[in-house]
$ cat final-v2.csv   # CSV, C-alpha atoms
chain,number,residue,atom,x,y,z
A,801,SER,CA,-16.2,19.0,-8.1
A,802,LYS,CA,-17.4,21.6,-5.6
A,803,PHE,CA,-19.3,19.0,-3.7
A,804,LEU,CA,-16.4,16.6,-3.6
A,805,ASN,CA,-14.0,19.3,-2.4
A,806,ALA,CA,-16.4,20.4,0.3
A,807,TYR,CA,-16.8,16.7,1.4
A,808,LYS,CA,-13.1,16.2,1.5
A,809,SER,CA,-12.6,19.3,3.5
A,810,ALA,CA,-15.3,18.5,6.0
A,811,SER,CA,-14.3,14.8,6.4
A,812,SER,CA,-10.6,15.8,6.8
A,813,ARG,CA,-11.5,18.1,9.7
A,814,LEU,CA,-13.6,15.5,11.4
A,815,ILE,CA,-11.1,12.7,11.0
A,816,LYS,CA,-8.2,14.9,12.3
A,817,LYS,CA,-10.4,15.9,15.2
A,818,GLU,CA,-11.2,12.3,16.1
A,819,PHE,CA,-7.7,11.0,15.5
A,820,PRO,CA,-5.2,13.8,16.3
A,821,ILE,CA,-2.3,11.4,16.1
A,822,LEU,CA,-2.7,11.4,12.3
A,823,ARG,CA,-1.5,15.0,12.1
A,824,GLU,CA,2.0,13.7,12.7
A,825,SER,CA,1.9,11.7,9.5
A,826,LEU,CA,0.5,14.4,7.2
A,827,TRP,CA,2.4,16.5,4.7
A,828,LYS,CA,1.6,20.1,5.5
A,829,GLU,CA,-1.7,19.3,7.0
A,830,HIS,CA,-3.0,17.7,3.8
A,831,PHE,CA,-5.2,14.7,4.5
A,832,TRP,CA,-6.6,14.0,1.0
A,833,SER,CA,-4.8,14.5,-2.4
A,834,ARG,CA,-6.1,17.2,-4.7
A,835,SER,CA,-7.5,14.6,-7.1
A,836,TYR,CA,-10.7,12.7,-7.1
A,837,CYS,CA,-12.6,10.2,-9.2
A,838,LEU,CA,-16.3,10.2,-9.8
A,839,LEU,CA,-17.8,7.1,-11.5
A,840,THR,CA,-21.2,6.3,-12.8
A,841,THR,CA,-22.2,2.6,-13.1
A,842,GLY,CA,-25.3,2.6,-15.3
A,843,GLY,CA,-26.8,0.1,-12.9
A,844,ALA,CA,-24.0,-2.5,-13.3
A,845,PRO,CA,-23.8,-5.1,-10.4
A,846,ILE,CA,-21.2,-4.3,-7.7
A,847,ASP,CA,-19.2,-7.5,-8.6
A,848,VAL,CA,-18.7,-6.2,-12.2
A,849,ILE,CA,-17.6,-2.8,-10.9
A,850,LYS,CA,-15.2,-4.4,-8.4
A,851,THR,CA,-13.6,-6.6,-11.0
A,852,TYR,CA,-13.2,-3.7,-13.4
A,853,ILE,CA,-11.4,-1.6,-10.7
A,854,GLU,CA,-9.2,-4.5,-9.6
A,855,ASN,CA,-8.1,-5.1,-13.2
A,856,GLN,CA,-7.2,-1.5,-14.0
A,857,GLY,CA,-3.7,-1.3,-15.5
A,858,MET,CA,-3.5,-5.0,-16.3
A,859,LYS,CA,-2.8,-6.1,-19.8
A,860,GLY,CA,-5.5,-8.2,-21.1
$ encode --input "final-v2.csv" --output "structure tokens"
Amino acid sequence: SKFLNAYKSASSRLIKKEFPILRESLWKEHFWSRSYCLLTTGGAPIDVIKTYIENQGMKG
């Protein structure tokens, strides 16, 4: 979680520096939400992972 928070902070600063117009659309300077998701795939093919993500929340 520390790595992801550091990554989000650094990338937010870089993106806002490169695209200053984005600041006008932000809520209180927040670029990313506080949440994150970290997944492991166990070596599954990318197509399987993509299908899994696309079907989240669908009744099956």
$ residues_around --input "final-v2.csv" --residues "Leu822 in chain A" --least-positions-apart "5" --cutoff "9 Å" --atoms "only C-alpha atoms" --output "list in words"
Ile815, Lys816 and Phe831 of chain A
$ atom_distance --input "final-v2.csv" --atom1 "CA of Arg813 in chain A" --atom2 "CA of Trp832 in chain A"
10.8 Å
$ atom_distance --input "final-v2.csv" --atom1 "CA of Asn805 in chain A" --atom2 "CA of His830 in chain A"
12.7 Å
$ atom_distance --input "final-v2.csv" --atom1 "CA of Tyr807 in chain A" --atom2 "CA of Ser825 in chain A"
21.0 Å
$ build_atoms --input "final-v2.csv" --residues "range 825-836 of chain A" --atoms "all heavy atoms" --output "CSV table (one decimal), keeping the file's coordinate frame"
chain,number,residue,atom,x,y,z
A,825,SER,N,1.6,12.4,10.7
A,825,SER,CA,1.9,11.7,9.5
A,825,SER,C,1.6,12.4,8.2
A,825,SER,O,1.9,12.0,7.1
A,825,SER,CB,1.2,10.3,9.4
A,825,SER,OG,1.5,9.6,10.6
A,826,LEU,N,1.0,13.6,8.4
A,826,LEU,CA,0.5,14.4,7.2
A,826,LEU,C,1.6,15.3,6.7
A,826,LEU,O,2.5,15.8,7.4
A,826,LEU,CB,-0.7,15.2,7.6
A,826,LEU,CG,-1.9,14.4,8.1
A,826,LEU,CD1,-3.0,15.3,8.4
A,826,LEU,CD2,-2.4,13.4,7.0
A,827,TRP,N,1.5,15.5,5.4
A,827,TRP,CA,2.4,16.5,4.7
A,827,TRP,C,1.7,17.8,4.7
A,827,TRP,O,0.7,18.0,4.0
A,827,TRP,CB,2.7,16.0,3.3
A,827,TRP,CG,3.5,17.0,2.5
A,827,TRP,CD1,3.0,17.8,1.5
A,827,TRP,CD2,4.9,17.3,2.7
A,827,TRP,NE1,4.0,18.5,1.0
A,827,TRP,CE2,5.2,18.3,1.7
A,827,TRP,CE3,5.9,16.9,3.5
A,827,TRP,CZ2,6.5,18.9,1.6
A,827,TRP,CZ3,7.2,17.5,3.4
A,827,TRP,CH2,7.4,18.4,2.4
A,828,LYS,N,2.2,18.8,5.4
A,828,LYS,CA,1.6,20.1,5.5
A,828,LYS,C,0.1,20.1,5.7
A,828,LYS,O,-0.6,20.9,5.1
A,828,LYS,CB,1.9,20.9,4.2
A,828,LYS,CG,3.4,21.1,3.9
A,828,LYS,CD,3.6,21.9,2.7
A,828,LYS,CE,5.0,22.2,2.5
A,828,LYS,NZ,5.3,23.1,1.3
A,829,GLU,N,-0.3,19.3,6.6
A,829,GLU,CA,-1.7,19.3,7.0
A,829,GLU,C,-2.7,18.7,6.0
A,829,GLU,O,-3.9,18.7,6.1
A,829,GLU,CB,-2.2,20.6,7.5
A,829,GLU,CG,-1.6,21.2,8.7
A,829,GLU,CD,-2.0,20.4,10.0
A,829,GLU,OE1,-3.2,20.2,10.1
A,829,GLU,OE2,-1.2,20.1,10.8
A,830,HIS,N,-2.2,18.2,4.8
A,830,HIS,CA,-3.0,17.7,3.8
A,830,HIS,C,-3.4,16.3,4.1
A,830,HIS,O,-2.6,15.4,4.2
A,830,HIS,CB,-2.4,17.8,2.4
A,830,HIS,CG,-2.1,19.2,2.0
A,830,HIS,ND1,-3.1,20.1,1.6
A,830,HIS,CD2,-0.9,19.9,1.9
A,830,HIS,CE1,-2.6,21.3,1.3
A,830,HIS,NE2,-1.3,21.2,1.5
A,831,PHE,N,-4.7,16.0,4.2
A,831,PHE,CA,-5.2,14.7,4.5
A,831,PHE,C,-5.5,14.0,3.2
A,831,PHE,O,-5.2,12.8,3.0
A,831,PHE,CB,-6.5,14.7,5.4
A,831,PHE,CG,-6.9,13.4,5.8
A,831,PHE,CD1,-6.3,12.8,6.9
A,831,PHE,CD2,-7.9,12.7,5.2
A,831,PHE,CE1,-6.6,11.6,7.4
A,831,PHE,CE2,-8.3,11.5,5.7
A,831,PHE,CZ,-7.7,10.9,6.8
A,832,TRP,N,-6.2,14.6,2.3
A,832,TRP,CA,-6.6,14.0,1.0
A,832,TRP,C,-5.7,14.6,-0.1
A,832,TRP,O,-5.2,15.7,0.0
A,832,TRP,CB,-8.0,14.3,0.6
A,832,TRP,CG,-9.0,13.9,1.6
A,832,TRP,CD1,-9.9,14.6,2.3
A,832,TRP,CD2,-9.4,12.5,1.9
A,832,TRP,NE1,-10.7,13.9,3.1
A,832,TRP,CE2,-10.4,12.5,2.9
A,832,TRP,CE3,-8.9,11.3,1.5
A,832,TRP,CZ2,-11.0,11.4,3.4
A,832,TRP,CZ3,-9.5,10.1,2.0
A,832,TRP,CH2,-10.5,10.2,3.0
A,833,SER,N,-5.5,13.9,-1.2
A,833,SER,CA,-4.8,14.5,-2.4
A,833,SER,C,-5.8,15.4,-3.1
A,833,SER,O,-7.0,15.4,-2.8
A,833,SER,CB,-4.4,13.4,-3.3
A,833,SER,OG,-5.5,12.8,-4.0
A,834,ARG,N,-5.3,16.2,-4.0
A,834,ARG,CA,-6.1,17.2,-4.7
A,834,ARG,C,-7.0,16.5,-5.7
A,834,ARG,O,-8.0,17.1,-6.2
A,834,ARG,CB,-5.3,18.3,-5.3
A,834,ARG,CG,-4.6,19.2,-4.3
A,834,ARG,CD,-3.7,20.2,-5.0
A,834,ARG,NE,-4.5,20.8,-6.1
A,834,ARG,CZ,-3.9,21.7,-7.0
A,834,ARG,NH1,-2.6,21.9,-6.9
A,834,ARG,NH2,-4.6,22.2,-7.9
A,835,SER,N,-6.7,15.3,-6.1
A,835,SER,CA,-7.5,14.6,-7.1
A,835,SER,C,-8.7,13.9,-6.6
A,835,SER,O,-8.8,13.7,-5.4
A,835,SER,CB,-6.6,13.6,-7.9
A,835,SER,OG,-6.1,12.7,-7.0
A,836,TYR,N,-9.5,13.5,-7.5
A,836,TYR,CA,-10.7,12.7,-7.1
A,836,TYR,C,-11.2,12.0,-8.3
A,836,TYR,O,-10.8,12.3,-9.4
A,836,TYR,CB,-11.8,13.6,-6.5
A,836,TYR,CG,-12.4,14.6,-7.5
A,836,TYR,CD1,-13.5,14.2,-8.3
A,836,TYR,CD2,-11.9,15.8,-7.6
A,836,TYR,CE1,-14.0,15.2,-9.2
A,836,TYR,CE2,-12.4,16.8,-8.4
A,836,TYR,CZ,-13.4,16.4,-9.2
A,836,TYR,OH,-13.9,17.3,-10.1
